[in-house]
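This is start07.cif (mmCIF, C-alpha atoms and all ligand atoms).
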```
data_start
#
loop_
_atom_site.label_atom_id
_atom_site.label_comp_id
_atom_site.auth_asym_id
_atom_site.auth_seq_id
_atom_site.Cartn_x
_atom_site.Cartn_y
_atom_site.Cartn_z
CA MET A 8 38.69 177.44 -97.42
CA GLU A 9 40.68 178.97 -100.29
CA THR A 10 38.18 181.84 -100.38
CA ASP A 11 38.56 182.55 -96.66
CA PRO A 12 39.99 186.11 -96.30
CA ALA A 13 42.58 184.96 -93.72
CA PHE A 14 43.74 182.26 -96.14
CA GLU A 15 44.00 184.80 -98.97
CA ARG A 16 45.98 187.17 -96.74
CA ALA A 17 48.29 184.28 -95.79
CA VAL A 18 48.91 183.39 -99.44
CA ALA A 19 49.64 187.04 -100.31
CA ALA A 20 51.98 187.40 -97.32
CA LEU A 21 53.95 184.27 -98.25
CA ARG A 22 54.25 185.38 -101.89
CA ARG A 23 55.79 188.70 -100.84
CA GLY A 24 58.25 187.00 -98.47
CA GLY A 25 56.26 187.23 -95.24
CA LEU A 26 55.66 184.78 -92.39
CA VAL A 27 52.52 182.79 -91.62
CA GLY A 28 51.52 180.69 -88.60
CA MET A 29 50.44 177.44 -90.23
CA PRO A 30 48.47 174.59 -88.65
CA THR A 31 49.80 171.10 -89.25
CA GLU A 32 48.86 167.78 -87.66
CA THR A 33 52.00 167.80 -85.46
CA VAL A 34 52.36 171.35 -84.08
CA TYR A 35 51.82 174.82 -85.57
CA GLY A 36 54.60 175.90 -87.94
CA LEU A 37 56.07 179.31 -88.73
CA ALA A 38 56.10 179.20 -92.52
CA ALA A 39 57.95 181.11 -95.23
CA LEU A 40 58.54 180.38 -98.92
CA ALA A 41 61.33 177.78 -98.87
CA THR A 42 62.95 179.15 -102.04
CA ASN A 43 63.13 182.75 -100.75
CA ALA A 44 66.29 183.05 -98.64
CA ASP A 45 65.33 186.46 -97.21
CA ALA A 46 61.93 185.18 -96.14
CA VAL A 47 63.57 182.15 -94.53
CA LEU A 48 65.97 184.38 -92.60
CA GLY A 49 62.88 186.16 -91.25
CA ILE A 50 61.87 182.90 -89.56
CA PHE A 51 65.12 182.80 -87.62
CA SER A 52 64.78 186.37 -86.39
CA ALA A 53 61.09 185.99 -85.48
CA LYS A 54 61.85 182.89 -83.41
CA GLY A 55 65.17 184.04 -82.01
CA ARG A 56 66.41 180.77 -83.51
CA PRO A 57 70.15 180.40 -84.08
CA SER A 58 71.05 180.17 -87.77
CA PHE A 59 72.73 176.77 -87.24
CA ASP A 60 69.40 174.98 -86.64
CA PRO A 61 68.16 173.65 -90.03
CA LEU A 62 64.49 173.99 -91.03
CA ILE A 63 62.10 171.39 -92.43
CA VAL A 64 60.70 171.98 -95.94
CA HIS A 65 56.99 171.16 -96.19
CA VAL A 66 55.83 169.84 -99.55
CA ALA A 67 52.58 168.87 -101.29
CA ASP A 68 53.57 165.30 -102.14
CA ALA A 69 56.51 163.02 -102.86
CA ALA A 70 56.94 164.38 -106.41
CA GLN A 71 57.46 167.88 -105.00
CA ALA A 72 59.75 166.50 -102.27
CA TRP A 73 62.04 165.03 -104.91
CA GLN A 74 62.33 168.50 -106.48
CA VAL A 75 64.00 169.78 -103.31
CA ALA A 76 65.76 166.57 -102.16
CA LYS A 77 67.27 163.51 -103.82
CA PRO A 78 65.40 160.33 -102.83
CA ASP A 79 66.78 156.83 -102.32
CA PRO A 80 64.74 153.61 -102.34
CA VAL A 81 64.13 153.71 -98.55
CA ALA A 82 62.89 157.31 -98.81
CA GLU A 83 60.55 156.39 -101.64
CA ARG A 84 59.05 153.54 -99.60
CA LEU A 85 58.64 155.65 -96.48
CA ALA A 86 57.07 158.50 -98.46
CA ALA A 87 54.59 156.13 -100.09
CA ALA A 88 53.62 154.64 -96.71
CA CYS A 89 53.73 157.67 -94.36
CA TRP A 90 52.89 160.81 -96.38
CA PRO A 91 50.96 162.88 -95.80
CA GLY A 92 51.95 162.43 -92.18
CA PRO A 93 54.36 163.25 -89.34
CA LEU A 94 57.56 161.90 -90.93
CA THR A 95 60.49 164.14 -91.92
CA MET A 96 63.25 162.64 -94.04
CA VAL A 97 66.77 164.04 -94.18
CA LEU A 98 68.10 163.64 -97.73
CA PRO A 99 70.73 165.22 -99.99
CA ARG A 100 69.40 168.62 -101.04
CA ARG A 101 68.98 170.06 -104.50
CA ALA A 102 70.33 173.48 -105.52
CA VAL A 103 66.88 175.13 -105.34
CA VAL A 104 67.07 174.97 -101.51
CA PRO A 105 68.87 178.02 -100.10
CA ASP A 106 71.62 177.68 -97.47
CA ALA A 107 69.39 179.61 -95.08
CA VAL A 108 67.04 176.59 -94.91
CA THR A 109 69.69 173.92 -94.30
CA SER A 110 72.10 176.01 -92.19
CA GLY A 111 74.60 175.30 -94.98
CA LEU A 112 74.27 171.51 -94.74
CA GLU A 113 74.23 169.44 -97.92
CA THR A 114 71.12 167.67 -96.62
CA VAL A 115 67.57 168.95 -96.21
CA GLY A 116 64.66 167.73 -94.09
CA VAL A 117 61.42 167.26 -96.10
CA ARG A 118 57.92 166.35 -95.03
CA CYS A 119 54.39 166.33 -96.44
CA PRO A 120 52.04 167.52 -93.67
CA ASP A 121 48.58 165.99 -93.16
CA HIS A 122 46.45 169.06 -92.59
CA PRO A 123 44.04 170.58 -95.13
CA LEU A 124 45.11 174.19 -94.48
CA ALA A 125 48.84 173.43 -94.71
CA ARG A 126 48.25 171.47 -97.90
CA ALA A 127 46.14 174.27 -99.42
CA LEU A 128 48.85 176.82 -98.61
CA ILE A 129 51.57 174.69 -100.19
CA ALA A 130 49.38 174.05 -103.24
CA ALA A 131 48.93 177.81 -103.62
CA VAL A 132 52.51 179.02 -103.15
CA GLY A 133 54.93 176.04 -103.29
CA PRO A 134 57.22 174.41 -100.70
CA LEU A 135 57.25 176.09 -97.28
CA ALA A 136 60.13 176.09 -94.81
CA ALA A 137 58.64 175.90 -91.33
CA PRO A 138 59.96 175.17 -87.86
CA SER A 139 57.58 175.08 -84.91
CA ALA A 140 55.95 178.48 -84.33
CA ASN A 141 57.41 179.23 -80.89
CA ARG A 142 60.24 181.34 -79.55
CA PHE A 143 63.42 179.29 -79.73
CA GLY A 144 63.73 176.67 -76.96
CA CYS A 145 60.14 177.15 -75.75
CA LEU A 146 57.09 174.87 -75.87
CA SER A 147 55.76 174.08 -79.32
CA PRO A 148 52.29 175.55 -80.01
CA THR A 149 49.38 173.20 -80.66
CA THR A 150 46.72 175.93 -81.04
CA ALA A 151 46.52 179.15 -83.05
CA ALA A 152 46.10 181.08 -79.79
CA ALA A 153 49.46 179.78 -78.54
CA VAL A 154 51.12 181.00 -81.77
CA ARG A 155 49.55 184.45 -81.45
CA GLU A 156 50.60 184.68 -77.82
CA GLN A 157 54.30 184.09 -78.57
CA LEU A 158 54.78 185.30 -82.13
CA GLY A 159 51.69 187.36 -82.91
CA ALA A 160 53.64 190.57 -83.44
CA ALA A 161 56.24 188.91 -85.68
CA VAL A 162 53.97 187.16 -88.20
CA ASP A 163 51.79 188.49 -90.99
CA GLU A 164 48.94 186.04 -90.42
CA VAL A 165 48.09 183.10 -88.19
CA LEU A 166 45.70 180.55 -89.71
CA ASP A 167 43.48 178.74 -87.23
CA GLY A 168 43.22 175.06 -88.12
CA GLY A 169 42.02 173.92 -84.69
CA PRO A 170 44.05 171.99 -82.13
CA CYS A 171 46.79 169.78 -83.60
CA GLN A 172 45.72 166.15 -83.87
CA VAL A 173 49.14 164.55 -83.26
CA GLY A 174 50.53 167.11 -80.82
CA VAL A 175 54.24 166.25 -80.97
CA GLU A 176 56.68 167.11 -83.75
CA SER A 177 57.46 164.85 -86.69
CA THR A 178 59.74 161.85 -86.50
CA VAL A 179 63.03 162.80 -88.22
CA VAL A 180 64.65 159.92 -90.13
CA ARG A 181 67.92 159.97 -92.04
CA THR A 182 67.52 157.28 -94.68
CA GLY A 183 71.15 156.76 -95.71
CA PRO A 184 73.60 155.12 -95.56
CA GLU A 185 71.51 153.13 -93.03
CA PRO A 186 68.09 154.35 -91.84
CA VAL A 187 68.22 155.92 -88.38
CA ILE A 188 65.75 157.92 -86.26
CA LEU A 189 67.30 161.31 -85.48
CA ARG A 190 64.30 162.48 -83.45
CA PRO A 191 61.37 160.33 -82.22
CA GLY A 192 58.03 161.88 -83.19
CA GLY A 193 54.57 161.36 -84.61
CA VAL A 194 55.34 158.25 -86.70
CA THR A 195 56.28 155.45 -84.32
CA ALA A 196 59.44 153.32 -84.52
CA GLU A 197 57.14 150.27 -84.65
CA ARG A 198 55.42 151.62 -87.77
CA LEU A 199 58.76 152.33 -89.50
CA GLU A 200 59.90 148.82 -88.66
CA ALA A 201 56.70 147.33 -90.11
CA ILE A 202 57.15 149.32 -93.33
CA LEU A 203 60.84 148.55 -93.84
CA GLY A 204 60.83 145.03 -92.40
CA ARG A 205 63.64 145.76 -89.93
CA ALA A 206 64.20 147.71 -86.75
CA ILE A 207 65.30 151.33 -87.21
CA PRO A 208 67.56 152.44 -84.36
CA VAL A 209 67.13 155.75 -82.57
CA ALA A 210 70.40 157.62 -83.06
CA ASP A 211 72.50 158.45 -80.04
CA ARG A 212 73.44 162.07 -79.40
CA ALA A 213 76.82 161.70 -81.10
CA THR A 214 75.26 160.36 -84.29
CA VAL A 215 72.67 163.16 -84.40
CA ALA A 216 75.39 165.75 -83.73
CA ALA A 217 77.61 164.39 -86.50
CA GLY A 218 74.96 165.25 -89.10
CA LEU A 219 74.26 168.75 -87.81
CA PRO A 220 76.21 171.99 -87.66
CA ALA A 221 78.23 172.23 -84.43
CA GLU A 222 76.05 173.11 -81.44
CA ALA A 223 72.78 172.55 -83.30
CA PRO A 224 69.77 172.59 -80.97
CA GLY A 225 69.08 168.92 -81.45
CA MET A 226 72.09 168.80 -79.19
CA LEU A 227 71.20 171.53 -76.75
CA ALA A 228 70.51 170.15 -73.31
CA SER A 229 67.34 172.21 -72.91
CA HIS A 230 64.66 172.46 -75.59
CA TYR A 231 60.85 172.22 -75.80
CA ALA A 232 60.91 173.77 -72.32
CA PRO A 233 58.22 175.43 -70.21
CA ARG A 234 59.09 178.58 -68.24
CA ALA A 235 59.07 176.74 -64.93
CA PRO A 236 61.95 174.31 -64.42
CA LEU A 237 60.80 170.76 -65.17
CA MET A 238 62.00 167.64 -63.32
CA LEU A 239 61.22 164.05 -64.09
CA ARG A 240 59.37 162.30 -61.27
CA ASP A 241 61.64 160.20 -59.12
CA GLY A 242 59.71 158.36 -56.42
CA ALA A 243 56.60 159.86 -54.80
CA TRP A 244 54.75 162.89 -56.21
CA PRO A 245 55.51 166.07 -54.26
CA GLY A 246 52.51 167.46 -52.35
CA ASP A 247 53.70 171.09 -52.39
CA PRO A 248 50.92 173.38 -53.80
CA ASP A 249 53.54 175.56 -55.58
CA GLN A 250 54.56 172.66 -57.77
CA GLY A 251 52.72 171.57 -60.90
CA LEU A 252 52.28 167.88 -61.63
CA LEU A 253 52.18 166.34 -65.10
CA ALA A 254 50.85 162.80 -64.85
CA PHE A 255 50.23 160.17 -67.51
CA ARG A 256 47.07 158.44 -66.15
CA GLY A 257 46.80 160.32 -62.90
CA HIS A 258 45.56 157.41 -60.80
CA ASP A 259 48.06 157.98 -57.95
CA LEU A 260 48.06 161.78 -57.71
CA PRO A 261 48.24 163.12 -54.14
CA THR A 262 45.33 165.02 -52.57
CA PRO A 263 45.57 167.82 -51.88
CA SER A 264 48.14 168.89 -54.47
CA GLY A 265 49.09 171.89 -56.57
CA PRO A 266 47.95 172.27 -60.18
CA CYS A 267 47.79 168.87 -61.92
CA GLU A 268 47.51 167.85 -65.53
CA VAL A 269 46.64 164.32 -66.63
CA LEU A 270 47.70 163.41 -70.17
CA SER A 271 45.32 160.47 -70.65
CA ARG A 272 43.18 158.84 -67.95
CA SER A 273 42.68 155.80 -70.17
CA GLY A 274 46.43 155.46 -70.84
CA ASP A 275 46.13 156.26 -74.55
CA LEU A 276 49.49 157.52 -75.85
CA HIS A 277 47.86 159.31 -78.81
CA GLU A 278 45.67 161.30 -76.45
CA ALA A 279 48.69 161.94 -74.21
CA ALA A 280 50.75 163.31 -77.13
CA ARG A 281 47.85 165.52 -78.22
CA ASN A 282 47.62 167.00 -74.71
CA LEU A 283 51.33 167.30 -73.87
CA PHE A 284 52.27 170.86 -74.87
CA ALA A 285 48.92 172.43 -73.92
CA ALA A 286 49.15 170.77 -70.48
CA LEU A 287 52.66 172.18 -69.94
CA ARG A 288 51.43 175.61 -71.06
CA ARG A 289 48.57 175.49 -68.52
CA LEU A 290 50.98 174.57 -65.72
CA ASP A 291 53.17 177.54 -66.70
CA ALA A 292 50.09 179.79 -66.76
CA ALA A 293 49.19 178.60 -63.24
CA GLY A 294 52.46 180.17 -62.08
CA VAL A 295 53.99 177.03 -60.56
CA THR A 296 57.58 177.27 -59.33
CA ARG A 297 58.46 173.89 -60.76
CA ILE A 298 56.86 171.10 -62.81
CA VAL A 299 57.27 167.46 -61.89
CA ALA A 300 56.45 165.18 -64.83
CA GLU A 301 56.32 161.41 -65.06
CA ALA A 302 57.64 159.46 -68.01
CA VAL A 303 55.09 157.49 -70.05
CA PRO A 304 55.48 153.89 -71.32
CA ALA A 305 58.43 153.77 -73.75
CA GLN A 306 56.53 152.41 -76.73
CA GLY A 307 54.67 153.92 -79.69
CA LEU A 308 54.25 157.68 -79.26
CA GLY A 309 55.66 157.29 -75.74
CA LEU A 310 59.18 157.55 -77.22
CA ALA A 311 58.43 161.02 -78.56
CA ILE A 312 56.68 162.15 -75.35
CA ASN A 313 59.56 160.96 -73.16
CA ASP A 314 62.10 162.58 -75.50
CA ARG A 315 60.33 165.96 -75.15
CA LEU A 316 60.07 165.57 -71.35
CA ARG A 317 63.77 164.74 -71.07
CA ARG A 318 64.71 167.76 -73.15
CA ALA A 319 62.32 169.99 -71.23
CA ALA A 320 64.14 168.76 -68.12
CA GLY A 321 67.45 169.73 -69.71
CA LEU A 322 68.57 166.11 -69.91
CA GLY A 323 68.94 166.17 -73.71
P1 LIG B 401 61.63 171.94 -85.80
O1 LIG B 401 61.25 172.39 -87.16
O2 LIG B 401 61.71 173.05 -84.80
O3 LIG B 401 60.79 170.77 -85.37
O4 LIG B 401 63.13 171.41 -85.91
C1 LIG B 401 63.61 170.79 -87.04
C2 LIG B 401 64.64 169.78 -86.61
O5 LIG B 401 64.79 168.82 -87.66
C3 LIG B 401 66.03 170.38 -86.43
O6 LIG B 401 66.21 170.94 -85.14
C4 LIG B 401 66.91 169.16 -86.65
O7 LIG B 401 66.99 168.39 -85.46
C5 LIG B 401 66.13 168.35 -87.70
N1 LIG B 401 66.67 168.59 -89.05
C6 LIG B 401 66.18 169.42 -90.00
N2 LIG B 401 66.96 169.41 -91.11
C7 LIG B 401 67.96 168.55 -90.84
C8 LIG B 401 69.12 168.12 -91.57
N3 LIG B 401 69.39 168.56 -92.79
N4 LIG B 401 69.93 167.22 -90.97
C9 LIG B 401 69.66 166.75 -89.73
N5 LIG B 401 68.60 167.13 -89.00
C10 LIG B 401 67.76 168.02 -89.53
MG MG B 402 60.90 173.41 -82.71
#
```
Represent the structure of the file as structure tokens.
Ligand code: AMP
Ligand code: MG
Amino acid sequence: METDPAFERAVAALRRGGLVGMPTETVYGLAALATNADAVLGIFSAKGRPSFDPLIVHVADAAQAWQVAKPDPVAERLAAACWPGPLTMVLPRRAVVPDAVTSGLETVGVRCPDHPLARALIAAVGPLAAPSANRFGCLSPTTAAAVREQLGAAVDEVLDGGPCQVGVESTVVRTGPEPVILRPGGVTAERLEAILGRAIPVADRATVAAGLPAEAPGMLASHYAPRAPLMLRDGAWPGDPDQGLLAFRGHDLPTPSGPCEVLSRSGDLHEAARNLFAALRRLDAAGVTRIVAEAVPAQGLGLAINDRLRRAAGLG
């Protein structure tokens, strides 16, 4: 793949401070060289992302992570067990990381993605700062086409690595002073508990806010949102054909109904996570006036799916 012309163009663009749409196993990222502050600022303007929302630095392996962040014993254990994979750790940063990446925080989020194209890019050019490759506040892209649709004009190259296999963003964990989940994501709370031998709490909004610049988007009521207003299902499904329905298993959908999306007929949360953002995109494309979504079981990847649905509904 390193001889693919698109890959070579992406490497050249990153080296000269440009932006590249990068496939990862979670969602597509909008990547720039993490050590180039000007390039990193380009990410914020391309996304319309406020400068107080810190970026995640994507690395090749734990050794490279410890060049940008200072590990502790919990971080070393989690890295050994979960990387490459959908786990971001928030750790004290080293001086090589520009303020533009961390929004001036003394901590930095680091993660080693599990996708051959992302890993090849990082191997070629070094650590990459990359948020999700969508306009700020909008649905995360899980295909190259979705990146091109929203950010095509603002990026130098979009690499097509196929549909994302996890489909929701990484789990963000702050390891110290006590481990806490700042954002549920692709590595489940159950897995973290099995690795560390104790339950890791999901931080409440106040705890997340305390570690972020004031008004950081982790704290914004609405994020990961489709164009149509989204409500969580409360009681019966509406039968109105103008409304789009987002169901988990879809066994009790009304007939007739408006546009419907089923996340996983067999009730598989992995499949549901993989389908989530593309399903919301299709409902938007169908021109529905509103989306009614049902929560999924609150276990495993269900925590991440429900978190995204709540934020899409503006419930934070
Ligand atoms: P995104 O890359 O769009 O998935 O968003 C990255 C998210 O990771 C941010 O919005 C924060 O919630 C979180 N994050 C990144 N860096 C830090 C940090 N230094 N401290 C706390 N949270 C962080
Ligand atoms: Mg994002």
- Query: Can you find the residues with an atom no farther than 8 Å from (53.1, 172.1, -94.2), counting only C-alpha atoms, and report them as a ChimeraX atom specification?
  - Reply: /A:29-31,36,38,64-67,118-122,125-126,128-129,135,137
Kindly export the residues of the current selection with C-alpha atoms, as an mmCIF file, in the coordinates of the input.
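Okay, this is what ended up in part-v1.cif:
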```cif
data_model
loop_
_atom_site.group_PDB
_atom_site.id
_atom_site.type_symbol
_atom_site.label_atom_id
_atom_site.label_comp_id
_atom_site.auth_asym_id
_atom_site.auth_seq_id
_atom_site.Cartn_x
_atom_site.Cartn_y
_atom_site.Cartn_z
ATOM 1 C CA MET A 29 50.440 177.440 -90.230
ATOM 2 C CA PRO A 30 48.470 174.590 -88.650
ATOM 3 C CA THR A 31 49.800 171.100 -89.250
ATOM 4 C CA GLY A 36 54.600 175.900 -87.940
ATOM 5 C CA ALA A 38 56.100 179.200 -92.520
ATOM 6 C CA VAL A 64 60.700 171.980 -95.940
ATOM 7 C CA HIS A 65 56.990 171.160 -96.190
ATOM 8 C CA VAL A 66 55.830 169.840 -99.550
ATOM 9 C CA ALA A 67 52.580 168.870 -101.290
ATOM 10 C CA ARG A 118 57.920 166.350 -95.030
ATOM 11 C CA CYS A 119 54.390 166.330 -96.440
ATOM 12 C CA PRO A 120 52.040 167.520 -93.670
ATOM 13 C CA ASP A 121 48.580 165.990 -93.160
ATOM 14 C CA HIS A 122 46.450 169.060 -92.590
ATOM 15 C CA ALA A 125 48.840 173.430 -94.710
ATOM 16 C CA ARG A 126 48.250 171.470 -97.900
ATOM 17 C CA LEU A 128 48.850 176.820 -98.610
ATOM 18 C CA ILE A 129 51.570 174.690 -100.190
ATOM 19 C CA LEU A 135 57.250 176.090 -97.280
ATOM 20 C CA ALA A 137 58.640 175.900 -91.330
#
```
- Message: Neighbouring residues of ligand LIG 401 (chain B) are defined here as those with any atom at most 8 Å from a ligand atom, counting all atoms listed in the file; list them as a PyMOL selection string.
- Response: chain A and resi 36+60-63+95+97-98+109-110+112-117+137-140+176-177+179+181+189-190+215+218-219+223-225
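Every protein, DNA or RNA residue with an atom at most 6 Å from region 231-244 of chain A, where all atoms listed in the file count and chain neighbours fewer than 4 positions away do not, is listed here: Gly144, Cys145, Leu146, Thr296, Arg297, Ile298, Val299, Ala300, Glu301, Ala319 and Ala320 of chain A.
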Please put the answer as lines of an AutoDock Vina configuration file: centre and edge lengths, in Å with one decimal, of a box along x, y and z that encloses all listed atoms of region 75-80 of chain A plus 6 Å on each side.
```
center_x = 65.6
center_y = 161.7
center_z = -103.0
size_x = 15.3
size_y = 28.2
size_z = 13.7
```
- Excluding same-chain residues fewer than 4 positions from Gly294 (chain A), what lies within 10 Å of it counting all atoms listed in the file, as a PyMOL selection string? chain A and resi 234-235+249-251+266+289-290
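In this comparison, which uses all atoms listed in the file, the residue of A:Pro12, A:Gly92, A:Pro105, A:Pro148 approaching Arg288 (chain A) most closely is A:Pro148.
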- Non-local contacts of Ala44 (chain A) (8 Å; only C-alpha atoms; under 3 positions in same chain excluded) as a PyMOL selection string: chain A and resi 41+47-48+105-108
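Of the listed residues (A:Arg155, A:Arg23, A:His230, A:Arg272), A:His230 comes nearest to ligand MG 402 (chain B); the distances count all atoms listed in the file.
Remark: for Pro134 (chain A), the closest of the candidate residues A:Val209, A:Ala76, A:Leu276, A:Ala161 is A:Ala76 (distances computed over only C-alpha atoms).
Considering all atoms listed in the file, the residue among A:Arg198, A:His277, A:Arg212, A:Arg56 positioned nearest to ligand MG 402 (chain B) is A:Arg56.
Distances to ligand MG 402 (chain B) were evaluated for A:Cys89, A:Pro99, A:Pro57, A:Val173 using all atoms listed in the file, and the minimum falls at A:Pro57.
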- Message: Taking (46.7, 180.5, -86.4) in the coordinates of the supplied file, I want to know which residues reach to within 9 Å of it, counting only C-alpha atoms; could you give the answer as an MDAnalysis selection string?
- Response: chainID A and resid 27:30 35 150:155 164:169
